[in-house]
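Below: final-v7.txt (compact mmCIF, C-alpha atoms and all ligand atoms)
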# COMPACT_ATOMS: atom_id res chain seq x y z
CA MET K 1 -17.77 -12.18 3.30
CA ILE K 2 -15.13 -9.59 4.05
CA GLN K 3 -15.78 -7.28 7.00
CA THR K 4 -12.37 -6.59 8.49
CA ILE K 5 -9.29 -5.54 6.53
CA GLY K 6 -5.77 -5.77 7.94
CA VAL K 7 -3.09 -3.33 6.79
CA ILE K 8 0.63 -3.78 7.37
CA GLY K 9 2.18 -0.30 7.56
CA GLY K 10 0.71 2.77 9.20
CA GLY K 11 1.73 5.68 6.95
CA GLN K 12 -0.32 8.12 4.91
CA LEU K 13 -1.15 5.63 2.16
CA GLY K 14 -2.67 3.33 4.76
CA ARG K 15 -4.50 6.30 6.27
CA MET K 16 -6.16 7.31 3.00
CA PHE K 17 -6.94 3.64 2.32
CA ALA K 18 -8.50 3.29 5.80
CA LEU K 19 -10.57 6.47 5.37
CA ASP K 20 -12.12 5.05 2.19
CA ALA K 21 -12.55 1.61 3.78
CA LYS K 22 -14.36 3.13 6.76
CA ARG K 23 -16.62 5.11 4.42
CA MET K 24 -17.50 1.84 2.70
CA GLY K 25 -18.37 0.19 6.00
CA TYR K 26 -15.31 -1.99 6.63
CA ASP K 27 -13.39 -2.37 9.86
CA VAL K 28 -9.66 -1.73 9.59
CA ILE K 29 -6.83 -3.01 11.78
CA VAL K 30 -3.33 -1.74 11.15
CA LEU K 31 0.06 -3.07 12.24
CA ASP K 32 2.83 -0.51 12.71
CA PRO K 33 5.63 -0.08 15.25
CA THR K 34 4.89 3.62 15.92
CA PRO K 35 1.88 4.15 18.20
CA ASN K 36 -0.85 6.48 16.93
CA SER K 37 0.48 6.18 13.37
CA PRO K 38 -1.23 8.16 10.56
CA THR K 39 -3.26 5.02 9.74
CA GLY K 40 -3.76 4.06 13.38
CA GLN K 41 -5.47 7.41 14.02
CA VAL K 42 -8.30 6.54 11.62
CA ALA K 43 -8.40 2.72 11.85
CA ASP K 44 -10.49 0.79 14.36
CA GLU K 45 -7.38 -0.55 16.02
CA GLN K 46 -3.61 -0.47 15.75
CA LEU K 47 -1.38 -3.38 16.71
CA VAL K 48 1.87 -1.76 17.79
CA ALA K 49 4.74 -3.98 16.66
CA PRO K 50 7.44 -4.26 14.01
CA TYR K 51 6.33 -5.61 10.61
CA ASP K 52 8.26 -8.82 11.22
CA ASN K 53 6.86 -9.62 14.67
CA MET K 54 5.33 -12.99 13.79
CA GLU K 55 3.18 -13.19 16.88
CA MET K 56 1.53 -9.89 15.94
CA ILE K 57 1.35 -10.90 12.27
CA ASP K 58 -0.56 -14.01 13.39
CA ARG K 59 -2.83 -11.86 15.50
CA LEU K 60 -3.47 -9.51 12.58
CA GLY K 61 -4.35 -12.54 10.44
CA ASP K 62 -6.68 -13.95 13.09
CA MET K 63 -8.52 -10.65 13.51
CA THR K 64 -9.07 -9.92 9.80
CA ASP K 65 -10.62 -11.40 6.64
CA VAL K 66 -8.02 -10.09 4.18
CA VAL K 67 -4.61 -8.47 4.65
CA THR K 68 -2.88 -5.86 2.52
CA TYR K 69 0.18 -3.61 2.94
CA GLU K 70 0.86 0.03 2.19
CA PHE K 71 4.65 -0.13 2.04
CA GLU K 72 6.78 -2.59 0.07
CA ASN K 73 9.73 -2.60 2.43
CA ILE K 74 8.10 -4.97 4.89
CA ALA K 75 9.40 -8.44 5.73
CA ILE K 76 8.33 -10.87 3.04
CA ALA K 77 8.31 -13.62 5.68
CA SER K 78 5.30 -11.89 7.27
CA VAL K 79 3.26 -12.14 4.07
CA GLN K 80 4.41 -15.71 3.40
CA ARG K 81 3.45 -16.77 6.90
CA LEU K 82 -0.07 -15.41 6.49
CA GLU K 83 -0.38 -17.09 3.09
CA ARG K 84 0.79 -20.44 4.48
CA LYS K 85 -1.96 -20.20 7.06
CA GLY K 86 -4.48 -19.75 4.27
CA LYS K 87 -5.00 -16.01 4.72
CA PHE K 88 -5.63 -14.04 1.55
CA VAL K 89 -2.95 -11.35 1.25
CA ALA K 90 -3.17 -8.90 -1.63
CA PRO K 91 -0.93 -8.31 -3.47
CA SER K 92 0.68 -11.74 -3.02
CA SER K 93 4.15 -12.48 -1.64
CA LYS K 94 5.22 -13.26 -5.22
CA VAL K 95 4.43 -9.68 -6.26
CA LEU K 96 6.11 -8.33 -3.13
CA ALA K 97 9.28 -10.39 -3.72
CA ILE K 98 9.76 -8.90 -7.19
CA THR K 99 8.83 -5.32 -6.36
CA GLN K 100 10.94 -5.02 -3.23
CA ASP K 101 14.05 -5.99 -5.13
CA ARG K 102 15.11 -3.48 -7.78
CA LEU K 103 17.11 -6.08 -9.69
CA GLN K 104 14.29 -8.61 -9.91
CA GLU K 105 11.94 -5.78 -10.84
CA LYS K 106 14.12 -4.55 -13.72
CA ARG K 107 14.67 -8.12 -14.97
CA PHE K 108 10.94 -8.76 -14.88
CA LEU K 109 10.19 -5.57 -16.84
CA LYS K 110 12.84 -6.37 -19.43
CA GLU K 111 11.52 -9.91 -19.89
CA ALA K 112 8.00 -8.52 -20.23
CA GLY K 113 9.24 -6.54 -23.24
CA ILE K 114 8.96 -3.17 -21.45
CA GLY K 115 11.85 -0.77 -22.04
CA VAL K 116 14.15 -0.03 -19.08
CA ALA K 117 17.42 1.91 -18.69
CA PRO K 118 20.54 -0.27 -19.18
CA PHE K 119 21.37 -1.79 -15.79
CA ALA K 120 23.76 -4.19 -14.08
CA ALA K 121 24.08 -5.87 -10.72
CA ILE K 122 27.00 -5.19 -8.40
CA THR K 123 27.46 -7.89 -5.82
CA ARG K 124 31.28 -7.86 -5.66
CA VAL K 125 33.92 -5.15 -6.20
CA ASP K 126 34.98 -7.11 -9.31
CA ASP K 127 31.57 -6.46 -10.91
CA ILE K 128 32.21 -2.71 -11.09
CA THR K 129 34.45 -2.80 -14.18
CA ALA K 130 32.03 -4.79 -16.31
CA ALA K 131 29.02 -2.85 -15.02
CA SER K 132 30.74 0.46 -15.81
CA HIS K 133 31.42 -0.79 -19.33
CA ASN K 134 27.90 -2.13 -19.93
CA VAL K 135 25.89 0.64 -18.32
CA ALA K 136 28.16 3.66 -19.03
CA PHE K 137 28.22 7.00 -17.20
CA PRO K 138 26.65 9.11 -15.86
CA ALA K 139 24.80 6.49 -13.86
CA VAL K 140 22.69 6.06 -10.76
CA VAL K 141 23.52 3.34 -8.26
CA LYS K 142 20.80 2.22 -5.88
CA THR K 143 20.53 -0.24 -3.06
CA VAL K 144 18.55 -3.19 -4.37
CA ARG K 145 16.38 -3.25 -1.26
CA GLY K 146 14.92 -0.84 1.22
CA GLY K 147 15.15 2.45 -0.70
CA TYR K 148 12.32 4.98 -1.05
CA ASP K 149 11.93 8.72 -1.68
CA GLY K 150 15.37 8.75 -3.29
CA LYS K 151 17.06 7.21 -0.23
CA GLY K 152 19.88 4.76 -0.91
CA GLN K 153 20.81 6.28 -4.28
CA TRP K 154 23.94 7.93 -5.64
CA ARG K 155 24.47 9.72 -8.92
CA VAL K 156 27.93 8.69 -10.16
CA ASP K 157 30.18 9.91 -12.96
CA GLY K 158 32.80 7.17 -12.98
CA PRO K 159 33.88 3.82 -11.46
CA ARG K 160 35.27 5.59 -8.38
CA GLY K 161 31.81 6.85 -7.48
CA VAL K 162 30.47 3.31 -7.72
CA GLN K 163 33.30 2.01 -5.54
CA LYS K 164 32.52 4.68 -2.95
CA ALA K 165 28.82 3.79 -2.89
CA PHE K 166 29.62 0.07 -2.66
CA ALA K 167 31.94 0.74 0.28
CA GLU K 168 29.32 2.90 1.94
CA VAL K 169 26.74 0.09 1.88
CA ARG K 170 29.42 -2.38 3.02
CA GLY K 171 28.99 -4.79 0.19
CA GLU K 172 25.19 -4.85 0.02
CA THR K 173 24.02 -5.62 -3.53
CA LEU K 174 23.62 -2.55 -5.71
CA ILE K 175 21.97 -1.94 -9.03
CA MET K 176 23.71 0.40 -11.41
CA GLU K 177 21.50 2.10 -13.99
CA ARG K 178 22.28 4.49 -16.79
CA TYR K 179 21.27 8.03 -15.80
CA ILE K 180 18.36 8.99 -18.06
CA PRO K 181 18.20 12.70 -18.97
CA PHE K 182 14.41 12.42 -19.10
CA VAL K 183 12.18 15.17 -20.48
CA LYS K 184 9.37 14.10 -18.17
CA GLU K 185 8.66 11.56 -15.47
CA LEU K 186 5.31 9.83 -15.85
CA SER K 187 3.36 7.28 -13.88
CA VAL K 188 0.25 5.20 -14.30
CA VAL K 189 -1.77 4.03 -11.31
CA ALA K 190 -3.84 0.95 -12.11
CA THR K 191 -5.90 -1.65 -10.29
CA ARG K 192 -6.41 -5.31 -11.09
CA ASN K 193 -8.83 -7.70 -9.42
CA ALA K 194 -8.79 -11.49 -9.28
CA ARG K 195 -11.26 -11.63 -12.19
CA ASP K 196 -8.45 -10.13 -14.30
CA GLN K 197 -10.29 -6.85 -14.70
CA VAL K 198 -7.70 -4.06 -15.03
CA VAL K 199 -8.45 -0.35 -14.88
CA CYS K 200 -5.88 2.39 -15.49
CA PHE K 201 -6.11 5.92 -14.16
CA PRO K 202 -4.98 8.76 -16.44
CA VAL K 203 -1.21 9.07 -16.92
CA THR K 204 0.27 11.64 -14.54
CA GLU K 205 3.31 13.81 -14.96
CA ASN K 206 5.55 13.92 -11.89
CA VAL K 207 8.16 16.36 -10.67
CA HIS K 208 10.76 15.18 -8.16
CA ASP K 209 13.27 17.06 -6.07
CA GLN K 210 16.31 15.01 -5.05
CA GLY K 211 14.39 11.78 -5.53
CA ILE K 212 11.26 12.82 -3.66
CA LEU K 213 7.96 13.54 -5.41
CA THR K 214 6.91 17.17 -5.10
CA MET K 215 4.18 17.66 -7.72
CA SER K 216 1.90 15.48 -9.89
CA ILE K 217 -0.08 16.80 -12.83
CA ALA K 218 -3.10 14.96 -14.20
CA PRO K 219 -3.51 14.26 -16.99
CA ALA K 220 0.08 14.26 -18.26
CA ARG K 221 0.71 16.65 -21.13
CA ILE K 222 1.74 13.98 -23.63
CA ASN K 223 0.25 12.77 -26.91
CA GLU K 224 -2.41 10.10 -27.30
CA GLU K 225 0.04 7.50 -28.62
CA LEU K 226 2.31 7.76 -25.56
CA THR K 227 -0.71 7.72 -23.26
CA LYS K 228 -1.91 4.48 -24.84
CA LYS K 229 1.56 2.97 -24.67
CA ALA K 230 2.01 3.82 -20.98
CA ARG K 231 -1.40 2.46 -20.07
CA ALA K 232 -0.91 -0.73 -22.10
CA ALA K 233 2.50 -1.40 -20.50
CA THR K 234 1.04 -0.78 -17.03
CA ALA K 235 -1.90 -3.12 -17.62
CA ALA K 236 0.53 -5.77 -18.90
CA VAL K 237 2.60 -5.50 -15.71
CA GLY K 238 -0.51 -6.11 -13.57
CA ARG K 239 -1.60 -9.09 -15.65
CA LYS K 240 1.85 -10.70 -15.85
CA LEU K 241 2.44 -10.34 -12.11
CA GLU K 242 -1.21 -11.24 -11.37
CA ILE K 243 -1.41 -8.32 -8.98
CA VAL K 244 -4.61 -8.06 -6.98
CA GLY K 245 -4.93 -4.45 -5.85
CA THR K 246 -3.85 -0.97 -6.84
CA TYR K 247 -0.31 -0.56 -8.12
CA CYS K 248 1.74 1.99 -10.01
CA VAL K 249 4.39 1.92 -12.72
CA GLU K 250 6.78 4.88 -12.97
CA TYR K 251 8.33 5.84 -16.32
CA PHE K 252 10.94 8.14 -17.80
CA LEU K 253 10.16 9.80 -21.11
CA THR K 254 13.47 10.12 -22.97
CA PRO K 255 14.39 13.01 -25.30
CA GLN K 256 13.91 10.50 -28.15
CA GLY K 257 10.29 9.95 -27.11
CA GLU K 258 10.94 6.49 -25.67
CA LEU K 259 9.15 5.27 -22.57
CA LEU K 260 11.40 3.51 -20.02
CA ALA K 261 9.89 1.90 -16.94
CA ASN K 262 11.66 2.88 -13.70
CA GLU K 263 9.85 1.06 -10.93
CA ILE K 264 6.69 -0.74 -9.85
CA ALA K 265 4.96 0.08 -6.58
CA PRO K 266 2.68 -2.77 -5.42
CA ARG K 267 0.31 -0.37 -3.62
CA PRO K 268 -1.48 2.96 -4.06
CA HIS K 269 1.00 5.68 -5.00
CA ASN K 270 1.77 9.28 -4.11
CA SER K 271 1.18 10.27 -7.76
CA GLY K 272 -2.39 8.91 -7.44
CA HIS K 273 -3.48 11.08 -4.49
CA TYR K 274 -5.35 13.37 -6.89
CA THR K 275 -7.78 10.51 -7.62
CA ILE K 276 -9.43 11.15 -4.23
CA ASP K 277 -10.65 14.58 -5.30
CA ALA K 278 -10.65 14.39 -9.11
CA THR K 279 -12.26 11.00 -9.83
CA PRO K 280 -15.43 9.29 -8.55
CA CYS K 281 -13.53 6.24 -7.24
CA SER K 282 -10.07 6.90 -5.80
CA GLN K 283 -7.04 4.63 -6.12
CA TYR K 284 -7.74 3.62 -2.50
CA GLU K 285 -11.35 2.64 -3.12
CA GLN K 286 -10.26 0.69 -6.22
CA HIS K 287 -7.77 -1.14 -3.99
CA ILE K 288 -10.53 -2.00 -1.51
CA ARG K 289 -12.76 -3.19 -4.36
CA ALA K 290 -9.94 -5.35 -5.76
CA ILE K 291 -8.94 -7.05 -2.53
CA CYS K 292 -12.59 -7.59 -1.53
CA ASP K 293 -13.31 -9.10 -4.97
CA LEU K 294 -15.75 -6.38 -6.00
CA PRO K 295 -16.15 -4.87 -9.46
CA LEU K 296 -13.73 -2.05 -10.30
CA SER K 297 -14.93 1.38 -11.35
CA PRO K 298 -13.78 2.64 -14.77
CA PRO K 299 -11.66 5.71 -13.88
CA ARG K 300 -13.07 9.02 -15.06
CA LEU K 301 -11.30 12.34 -14.58
CA LEU K 302 -13.88 14.87 -13.35
CA SER K 303 -11.39 17.73 -13.40
CA ARG K 304 -7.79 18.41 -14.30
CA ALA K 305 -5.72 18.39 -11.14
CA VAL K 306 -2.36 19.39 -9.70
CA MET K 307 -1.20 17.67 -6.52
CA MET K 308 1.49 19.24 -4.32
CA ASN K 309 3.24 17.41 -1.51
CA ILE K 310 3.72 19.34 1.73
CA LEU K 311 7.14 18.34 3.08
CA GLY K 312 8.60 19.07 6.48
CA ASP K 313 11.72 21.27 6.66
CA GLY K 314 12.88 20.67 10.21
CA LYS K 315 12.07 24.24 11.28
CA GLY K 316 9.01 23.42 13.35
CA ASN K 317 5.98 21.18 13.67
CA HIS K 318 3.20 23.70 13.18
CA LEU K 319 2.03 24.41 9.64
CA ALA K 320 1.32 28.12 9.34
CA GLY K 321 -0.58 29.80 6.51
CA ILE K 322 -3.49 27.39 6.13
CA GLU K 323 -6.12 30.15 6.39
CA ASN K 324 -4.37 31.87 3.49
CA LEU K 325 -4.01 28.62 1.51
CA LEU K 326 -7.71 27.85 1.73
CA THR K 327 -8.72 31.08 -0.02
CA GLU K 328 -7.90 29.25 -3.30
CA PRO K 329 -11.08 27.81 -4.81
CA GLY K 330 -10.89 24.15 -5.80
CA LEU K 331 -8.08 23.38 -3.38
CA VAL K 332 -8.47 20.33 -1.13
CA LEU K 333 -6.08 19.90 1.80
CA HIS K 334 -5.05 16.50 3.19
CA MET K 335 -2.85 16.31 6.29
CA TYR K 336 -1.46 13.03 7.59
CA GLY K 337 -1.52 13.57 11.36
CA LYS K 338 2.28 13.33 11.72
CA LYS K 339 3.53 15.22 14.74
CA HIS K 340 7.12 15.83 13.69
CA ALA K 341 7.86 17.76 10.52
CA VAL K 342 11.35 16.38 10.01
CA ALA K 343 13.14 17.78 6.92
CA ARG K 344 11.75 16.26 3.69
CA ARG K 345 9.15 14.16 5.49
CA LYS K 346 5.80 13.87 3.69
CA MET K 347 3.42 15.69 6.06
CA GLY K 348 0.44 16.24 3.79
CA HIS K 349 -0.59 17.30 0.32
CA PHE K 350 -3.16 19.38 -1.46
CA THR K 351 -4.94 18.84 -4.72
CA LEU K 352 -5.90 21.82 -6.81
CA LEU K 353 -8.74 21.14 -9.24
CA CYS K 354 -8.37 23.40 -12.26
CA ALA K 355 -9.83 24.08 -15.70
CA GLU K 356 -6.45 24.54 -17.32
CA LEU K 357 -3.15 22.95 -16.30
CA GLN K 358 -0.59 25.72 -16.77
CA THR K 359 -2.61 28.14 -14.64
CA GLY K 360 -3.28 25.32 -12.18
CA ILE K 361 0.45 24.61 -11.80
CA GLU K 362 1.21 28.29 -11.18
CA LYS K 363 -1.59 28.56 -8.64
CA ALA K 364 -0.47 25.37 -6.92
CA LYS K 365 3.10 26.67 -6.62
CA ALA K 366 1.87 30.02 -5.29
CA SER K 367 -0.37 28.17 -2.84
CA LEU K 368 2.50 26.05 -1.52
CA ALA K 369 4.55 29.22 -1.01
CA LYS K 370 1.85 30.47 1.40
CA LEU K 371 2.77 27.69 3.84
CA HIS K 372 5.67 27.46 6.22
CA TRP K 373 6.61 25.46 9.30
CA GLU K 374 6.81 27.23 12.62
CA ASP K 375 8.21 26.22 15.95
CA ILE K 376 5.39 27.02 18.32
CA VAL K 377 6.04 26.44 21.97
CA PRO K 378 2.86 25.00 23.49
CA ALA K 379 1.27 27.43 25.96
CA ALA K 380 1.76 24.98 28.83
CA ALA K 381 5.49 24.71 28.16
CA ALA K 382 6.07 28.44 27.59
CA PRO K 383 8.27 30.09 30.21
CA GLU K 384 6.48 32.14 32.84
CA PRO K 385 6.54 35.86 32.08
CA ALA K 386 9.02 37.62 34.30
CA THR K 387 7.24 39.06 37.27
CA VAL K 388 8.15 42.40 38.71
CA SER K 389 8.54 42.18 42.43
CA THR K 390 6.95 44.94 44.32
N1 LIG Q 1 18.23 5.98 -13.92
C1 LIG Q 1 17.80 7.18 -13.55
N2 LIG Q 1 17.99 8.26 -14.37
C2 LIG Q 1 17.56 9.50 -13.99
N3 LIG Q 1 16.92 9.76 -12.84
C3 LIG Q 1 16.69 8.74 -12.00
C4 LIG Q 1 17.11 7.40 -12.31
N4 LIG Q 1 16.74 6.59 -11.29
C5 LIG Q 1 16.10 7.39 -10.40
N5 LIG Q 1 16.08 8.68 -10.81
C6 LIG Q 1 15.43 9.81 -10.09
O1 LIG Q 1 15.28 9.51 -8.71
C7 LIG Q 1 13.90 9.36 -8.38
C8 LIG Q 1 13.71 8.26 -7.36
O2 LIG Q 1 14.17 7.03 -7.88
P1 LIG Q 1 13.32 5.68 -7.86
O3 LIG Q 1 14.08 4.66 -8.61
O4 LIG Q 1 11.95 5.96 -8.32
O5 LIG Q 1 13.37 5.29 -6.33
P2 LIG Q 1 12.38 5.56 -5.10
O6 LIG Q 1 11.18 6.30 -5.62
O7 LIG Q 1 12.05 4.18 -4.64
O8 LIG Q 1 13.20 6.32 -4.14
C9 LIG Q 1 13.20 9.11 -9.70
O9 LIG Q 1 11.84 9.48 -9.65
C10 LIG Q 1 14.03 10.01 -10.62
O10 LIG Q 1 13.67 11.37 -10.48
MG MG Q 2 10.11 6.05 -7.41

Translate the structure of the given file into structure tokens.
Amino acid sequence: MIQTIGVIGGGQLGRMFALDAKRMGYDVIVLDPTPNSPTGQVADEQLVAPYDNMEMIDRLGDMTDVVTYEFENIAIASVQRLERKGKFVAPSSKVLAITQDRLQEKRFLKEAGIGVAPFAAITRVDDITAASHNVAFPAVVKTVRGGYDGKGQWRVDGPRGVQKAFAEVRGETLIMERYIPFVKELSVVATRNARDQVVCFPVTENVHDQGILTMSIAPARINEELTKKARAATAAVGRKLEIVGTYCVEYFLTPQGELLANEIAPRPHNSGHYTIDATPCSQYEQHIRAICDLPLSPPRLLSRAVMMNILGDGKGNHLAGIENLLTEPGLVLHMYGKKHAVARRKMGHFTLLCAELQTGIEKAKASLAKLHWEDIVPAAAAPEPATVST
């Protein structure tokens, strides 16, 4: 019987997972190097240590019945160590190995018969000529490992740009991909359990700004045929990789109407936040059900929804305008408990439930514009008012 769930990674995905797990009666222990992490604030306990601290990984394993992770850029050795000791980790280290390496991921998708942008590996300076020829420009070069929210990526228009990027990463392996002038970005969040049950949430339409997700629209405004295709490809990915848990596949829709897979996230996804408020069983609860070997819930969209990320801008740590934001009916606010609103950091999001998408998008944009970050000096730290001496 599973009572205690371990989570490696203490960010907002872990926090929303832990909130659902607590609601369902589980105990949650998180491992993250930053004390009082977004997940740690709502979990029963946080082990404060780096993801590759094997002593703490062992402790996490000893304290829990199943272990999962909310971030793919963790040390694979941590997951392998737990598995060797007989601990059930979901998704497995095999899934993690493929999804934390952009080259392996693209090769896997291609072999699975799922369309991807032309790509090539760059491991030596000499690879650049052939890659430039095979992929063609404009292109995007990305670090194979460690990137997220558009970090570790360069848009390049010629071999010189690739050389510059390769020099910047000091010879770390890069993947070069054709730049796709997509008409839309789409994603499908799905969950698979060990009984090979797979459920797919509705396709969402995603808007990014400089590589970081800003808005998700559910359901995506695409035809039935594309919807079926995206869901079928996503289910196939889960089955082929034998993923246990919630995962997401991101796609580009090309001007020719082709669907190209961009990446696989082996965890709940930012584009699936709306499932908390717009479906009876969120992507997080589905993940809990999958890793605890419980039946999955067929996703059902109770309302159309627009999700907006609330990003930091470096101008202050206090979010002003909430009382104004909450005048919008059908708007649900989620904040992540992060204390420092560094520029472009994901601080929270809101989901706007709406009857019609175009109006919903406009209202969501207007709602976001009601918020801004302020630098409030805490009362205790404020300078003493000047006193007039008598
Ligand atoms: N080949 C590409 N063509 C066009 N846009 C791209 C391409 N690769 C990435 N992007 C843009 O950058 C965003 C982030 O890239 P992605 O590969 O998803 O990395 P991550 O989300 O891990 O940072 C994508 O959502 C997309 O907007
Ligand atoms: Mg992405």

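Point (5.2, -16.3, 8.0) has the following residues at most 12 Å away: Tyr51, Asp52, Asn53, Met54, Glu55, Met56, Ile57, Asp58, Arg59, Leu60, Gly61, Ala75, Ile76, Ala77, Ser78, Val79, Gln80, Arg81, Leu82, Glu83, Arg84, Lys85, Gly86, Lys87, Val89 and Ser93 of chain K (atoms considered: all atoms listed in the file).
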
Please identify every residue of chain K that has at least one atom no farther than 7 Å from an atom of ligand LIG 1 (chain Q), counting all atoms listed in the file, and for each give the shortest atom pair and the distance in Å to one decimal, arranged by chain then increasing number, as a tab-separated table.
residue	atom	partner	partner_atom	distance
K:Ala117	CA	Q:LIG1	N1	6.3
K:Ala139	CA	Q:LIG1	N1	6.6
K:Val140	CA	Q:LIG1	N1	5.5
K:Gly147	CA	Q:LIG1	O7	5.3
K:Tyr148	CA	Q:LIG1	O8	3.5
K:Asp149	CA	Q:LIG1	O8	3.7
K:Gly150	CA	Q:LIG1	O8	3.4
K:Lys151	CA	Q:LIG1	O8	5.6
K:Glu177	CA	Q:LIG1	N1	5.1
K:Arg178	CA	Q:LIG1	N1	5.2
K:Tyr179	CA	Q:LIG1	N2	3.6
K:Ile180	CA	Q:LIG1	N2	3.8
K:Pro181	CA	Q:LIG1	C2	6.0
K:Phe182	CA	Q:LIG1	C2	6.7
K:Glu185	CA	Q:LIG1	O9	7.0
K:His208	CA	Q:LIG1	O10	5.3
K:Gln210	CA	Q:LIG1	O1	6.7
K:Gly211	CA	Q:LIG1	C7	3.8
K:Ile212	CA	Q:LIG1	C8	6.4
K:Asn262	CA	Q:LIG1	O3	5.9
K:Glu263	CA	Q:LIG1	O4	5.9

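Here the question is which of K:Thr246, K:Ser187, K:Thr68, K:Gln163 gets nearest to ligand MG 2 (chain Q) using all atoms listed in the file, and that residue is K:Ser187.
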
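With distances restricted to all atoms listed in the file, K:Pro159 is the closest residue to Ser132 (chain K) from K:Val144, K:Pro159, K:Phe119, K:Lys110.
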
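Proximity to region 365-378 of chain K at 7 Å, evaluated using only C-alpha atoms and with sequence-adjacent residues fewer than 3 positions away removed, yields K:Lys315, K:Gly316, K:Asn317, K:His318, K:Leu319, K:Ala320, K:Gly321, K:Ile322, K:Asn324, K:Leu325, K:Ile361, K:Glu362, K:Ala381, K:Ala382.
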
Mind filling out region 284-298 of chain K with N, CA and C atoms and sending it as a PDB file, in the frame of the given file?
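Output file result00.pdb is given in full below:
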ATOM      1  N   TYR K 284      -7.580   4.367  -3.750  1.00  0.00           N
ATOM      2  CA  TYR K 284      -7.740   3.620  -2.500  1.00  0.00           C
ATOM      3  C   TYR K 284      -9.015   2.783  -2.531  1.00  0.00           C
ATOM      4  N   GLU K 285     -10.099   3.418  -3.020  1.00  0.00           N
ATOM      5  CA  GLU K 285     -11.350   2.640  -3.120  1.00  0.00           C
ATOM      6  C   GLU K 285     -11.185   1.512  -4.139  1.00  0.00           C
ATOM      7  N   GLN K 286     -10.484   1.775  -5.235  1.00  0.00           N
ATOM      8  CA  GLN K 286     -10.260   0.690  -6.220  1.00  0.00           C
ATOM      9  C   GLN K 286      -9.510  -0.469  -5.559  1.00  0.00           C
ATOM     10  N   HIS K 287      -8.550  -0.105  -4.680  1.00  0.00           N
ATOM     11  CA  HIS K 287      -7.770  -1.140  -3.990  1.00  0.00           C
ATOM     12  C   HIS K 287      -8.695  -1.975  -3.087  1.00  0.00           C
ATOM     13  N   ILE K 288      -9.574  -1.289  -2.382  1.00  0.00           N
ATOM     14  CA  ILE K 288     -10.530  -2.000  -1.510  1.00  0.00           C
ATOM     15  C   ILE K 288     -11.395  -2.928  -2.372  1.00  0.00           C
ATOM     16  N   ARG K 289     -11.902  -2.376  -3.477  1.00  0.00           N
ATOM     17  CA  ARG K 289     -12.760  -3.190  -4.360  1.00  0.00           C
ATOM     18  C   ARG K 289     -12.001  -4.421  -4.848  1.00  0.00           C
ATOM     19  N   ALA K 290     -10.719  -4.223  -5.229  1.00  0.00           N
ATOM     20  CA  ALA K 290      -9.940  -5.350  -5.760  1.00  0.00           C
ATOM     21  C   ALA K 290      -9.724  -6.427  -4.704  1.00  0.00           C
ATOM     22  N   ILE K 291      -9.290  -6.019  -3.521  1.00  0.00           N
ATOM     23  CA  ILE K 291      -8.940  -7.050  -2.530  1.00  0.00           C
ATOM     24  C   ILE K 291     -10.189  -7.684  -1.921  1.00  0.00           C
ATOM     25  N   CYS K 292     -11.331  -7.014  -2.036  1.00  0.00           N
ATOM     26  CA  CYS K 292     -12.590  -7.590  -1.530  1.00  0.00           C
ATOM     27  C   CYS K 292     -13.369  -8.258  -2.665  1.00  0.00           C
ATOM     28  N   ASP K 293     -12.723  -8.442  -3.802  1.00  0.00           N
ATOM     29  CA  ASP K 293     -13.310  -9.100  -4.970  1.00  0.00           C
ATOM     30  C   ASP K 293     -14.631  -8.447  -5.408  1.00  0.00           C
ATOM     31  N   LEU K 294     -14.595  -7.147  -5.523  1.00  0.00           N
ATOM     32  CA  LEU K 294     -15.750  -6.380  -6.000  1.00  0.00           C
ATOM     33  C   LEU K 294     -15.417  -5.824  -7.380  1.00  0.00           C
ATOM     34  N   PRO K 295     -16.450  -5.436  -8.143  1.00  0.00           N
ATOM     35  CA  PRO K 295     -16.150  -4.870  -9.460  1.00  0.00           C
ATOM     36  C   PRO K 295     -15.383  -3.550  -9.345  1.00  0.00           C
ATOM     37  N   LEU K 296     -14.492  -3.301 -10.292  1.00  0.00           N
ATOM     38  CA  LEU K 296     -13.730  -2.050 -10.300  1.00  0.00           C
ATOM     39  C   LEU K 296     -14.552  -0.976 -11.004  1.00  0.00           C
ATOM     40  N   SER K 297     -14.189   0.268 -10.759  1.00  0.00           N
ATOM     41  CA  SER K 297     -14.930   1.380 -11.350  1.00  0.00           C
ATOM     42  C   SER K 297     -14.081   1.991 -12.467  1.00  0.00           C
ATOM     43  N   PRO K 298     -14.603   2.072 -13.696  1.00  0.00           N
ATOM     44  CA  PRO K 298     -13.780   2.640 -14.770  1.00  0.00           C
ATOM     45  C   PRO K 298     -13.380   4.079 -14.413  1.00  0.00           C
TER      46      PRO K 298
END
